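Worksheet: one structure, shown below.
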Amino acid sequence: MNRKTNRLRYLTDMTLFRPKEKIGICTDFDIKHYRELGFDTILLDIDNTIAVPNTGICDERAEKFIRDLEEAGFKVVIFSNNTRKRVEMFKRDIPVEYNCWSMKPVPFSYLITCKRVGSTPERTIVLGDQLITDILGANLSGCYGIYCKQLQEKDSRITSLNRKIEKFIWRHILHEEV
């Protein structure tokens with residue numbers, strides 16, 4: 001089989017949308033377990049993963065989750081397709097790395113972020129609520145993608161379209177219900 005055929009098979013392999021694991025909401029993430037497995041970095045999506053969309057703030061629950069991750073030894077990076085203004089408004093007084101305009105699911109952004117914080121994709125977890133951005137990008141870059149349920153049903157227009165596509169992927173390609 002030639003290189004072009006392999007590349008085409010890779011690009012059409014719908015398992016790229018399959019998360020390595022699924023959890024309830026972000027706070028169901030077992031911090032100690034993943035540290036014991038050797039993971040040292042976590043890329044966190046904001047809206048509908050660790051914060052209710054469009055609230056503009058990092059609430060106490062999200063802040064505690066980030067601090068617990070850091071105390072366990074994780075390098076935490078807020079990893080968002082949002083604007084710098086939105087990400088900085090969210091993280092306010094939390095001294096945590098961030099990457100805005102991440103261009104998820106494009107893999108180079110994941111790889112550059114891993115390198116910037118001194119990690120590798122094999123030791124990095126991506127925690128997010130969308131298959132098309134978070135999980136696809138994690139799989140394309142070699143990171144460990146964990147899908148969590150969205151915190152709120154209401155989405156922006158673009159995200160609503162993504163959710164319709166994701167429902168199709170879950171049901172007809174991955175043969176799962178979420």
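Ligands are numbered from 1 in the order shown, residues from 1 within each chain, and chains are lettered A, B, ... in the order they appear in the structure tokens.
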Q) Do you know which residues are at most 10 Å from region 66-82 of chain A counting only C-alpha atoms, after dropping those on the same chain fewer than 4 positions away, and could you put them as a ChimeraX atom specification? A) /A:27,29-32,34-35,39-47,50,58,60-62,86-88,90-91,94-105,109-110,113-114,117-119,124-128,133-134
Expected file: the selected residues, C-alpha atoms, as an mmCIF file, in the first residue's frame:
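As written to disk, again-v2.cif reads:
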```cif
data_model
loop_
_atom_site.group_PDB
_atom_site.id
_atom_site.type_symbol
_atom_site.label_atom_id
_atom_site.label_comp_id
_atom_site.auth_asym_id
_atom_site.auth_seq_id
_atom_site.Cartn_x
_atom_site.Cartn_y
_atom_site.Cartn_z
ATOM 1 C CA THR A 27 -14.958 17.433 38.193
ATOM 2 C CA PHE A 29 -11.878 13.596 36.396
ATOM 3 C CA ASP A 30 -9.776 11.339 38.667
ATOM 4 C CA ILE A 31 -6.691 13.505 39.158
ATOM 5 C CA LYS A 32 -4.677 11.001 41.190
ATOM 6 C CA TYR A 34 -4.038 10.044 35.727
ATOM 7 C CA ARG A 35 -0.938 11.303 37.569
ATOM 8 C CA PHE A 39 0.358 12.163 32.590
ATOM 9 C CA ASP A 40 1.837 15.543 33.526
ATOM 10 C CA THR A 41 -0.069 18.097 31.431
ATOM 11 C CA ILE A 42 -3.727 18.864 30.859
ATOM 12 C CA LEU A 43 -5.187 21.095 28.168
ATOM 13 C CA LEU A 44 -8.572 22.381 29.347
ATOM 14 C CA ASP A 45 -11.320 23.722 27.153
ATOM 15 C CA ILE A 46 -13.326 26.537 28.777
ATOM 16 C CA ASP A 47 -16.910 26.863 27.612
ATOM 17 C CA ILE A 50 -15.001 23.809 33.031
ATOM 18 C CA CYS A 58 -14.094 31.216 36.436
ATOM 19 C CA GLU A 60 -15.301 28.616 42.515
ATOM 20 C CA ARG A 61 -15.809 25.049 41.270
ATOM 21 C CA ALA A 62 -13.659 25.608 38.173
ATOM 22 C CA ARG A 86 -12.470 35.919 26.659
ATOM 23 C CA VAL A 87 -9.709 33.653 27.959
ATOM 24 C CA GLU A 88 -8.070 36.379 30.062
ATOM 25 C CA PHE A 90 -12.054 33.738 32.425
ATOM 26 C CA LYS A 91 -8.698 33.101 34.085
ATOM 27 C CA ILE A 94 -5.436 32.410 38.228
ATOM 28 C CA PRO A 95 -1.765 32.253 37.214
ATOM 29 C CA VAL A 96 -2.183 29.528 34.627
ATOM 30 C CA GLU A 97 -0.836 29.133 31.092
ATOM 31 C CA TYR A 98 -3.258 29.635 28.262
ATOM 32 C CA ASN A 99 -3.554 29.315 24.524
ATOM 33 C CA CYS A 100 -6.302 31.343 22.864
ATOM 34 C CA TRP A 101 -7.261 31.089 19.194
ATOM 35 C CA SER A 102 -6.022 27.499 19.432
ATOM 36 C CA MET A 103 -7.486 26.551 16.049
ATOM 37 C CA LYS A 104 -8.718 23.235 17.404
ATOM 38 C CA PRO A 105 -8.686 20.581 15.939
ATOM 39 C CA SER A 109 -1.382 23.995 18.115
ATOM 40 C CA TYR A 110 -1.556 21.047 20.530
ATOM 41 C CA THR A 113 1.583 23.984 23.447
ATOM 42 C CA CYS A 114 2.977 20.683 24.729
ATOM 43 C CA VAL A 117 5.190 23.744 28.722
ATOM 44 C CA GLY A 118 7.887 21.056 28.540
ATOM 45 C CA SER A 119 5.734 18.026 27.888
ATOM 46 C CA THR A 124 -0.802 15.223 27.804
ATOM 47 C CA ILE A 125 -4.537 14.946 28.402
ATOM 48 C CA VAL A 126 -7.050 17.039 26.513
ATOM 49 C CA LEU A 127 -10.287 17.483 28.449
ATOM 50 C CA GLY A 128 -13.181 18.819 26.402
ATOM 51 C CA THR A 133 -12.673 20.194 18.172
ATOM 52 C CA ASP A 134 -11.238 18.797 21.403
#
```
**Q.** Surrounding residues of Gly38 (chain A) excluding itself and chain neighbours under 5 positions, 10 Å, only C-alpha atoms, as a ChimeraX atom specification
**A.** /A:33,122-124
Counting only C-alpha atoms, the residue among A:Met89, A:Glu166, A:Leu111, A:Asn139 that lies closest to Thr15 (chain A) is A:Asn139
Write out as a VMD selection string all residues of region 3-157 of chain A that backbone DSSP assigns to helix (DSSP H, G or I). chain A and resid 3 to 12 14 to 17 26 to 28 31 to 36 60 to 71 84 to 91 107 to 116 121 to 123 131 to 141 157
Could you pull out all residues of chain A with a DSSP call of strand (DSSP E) and give them as a list in words?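 Here is the list: Glu21, Lys22, Ile23, Thr41, Ile42, Leu43, Leu44, Lys75, Val76, Val77, Ile78, Phe79, Glu97, Tyr98, Asn99, Thr124, Ile125, Val126, Leu127, Gly128, Tyr144, Gly145, Ile146, Tyr147 and Cys148 of chain A.
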Shortest contact to Cys148 (chain A), candidates A:Leu16, A:Ile169, A:Cys26, A:Leu131, atoms counted only C-alpha atoms, goes to A:Cys26
*Nearest to Asn162 (chain A): which of A:Ile146, A:Ile112, A:Leu140, A:Ile132 is it, counting only C-alpha atoms?*
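That would be A:Ile132, the residue with the smallest distance to Asn162 (chain A).
One finds CA of Ala51 (chain A) at 9.7 Å from CA of Glu63 (chain A).
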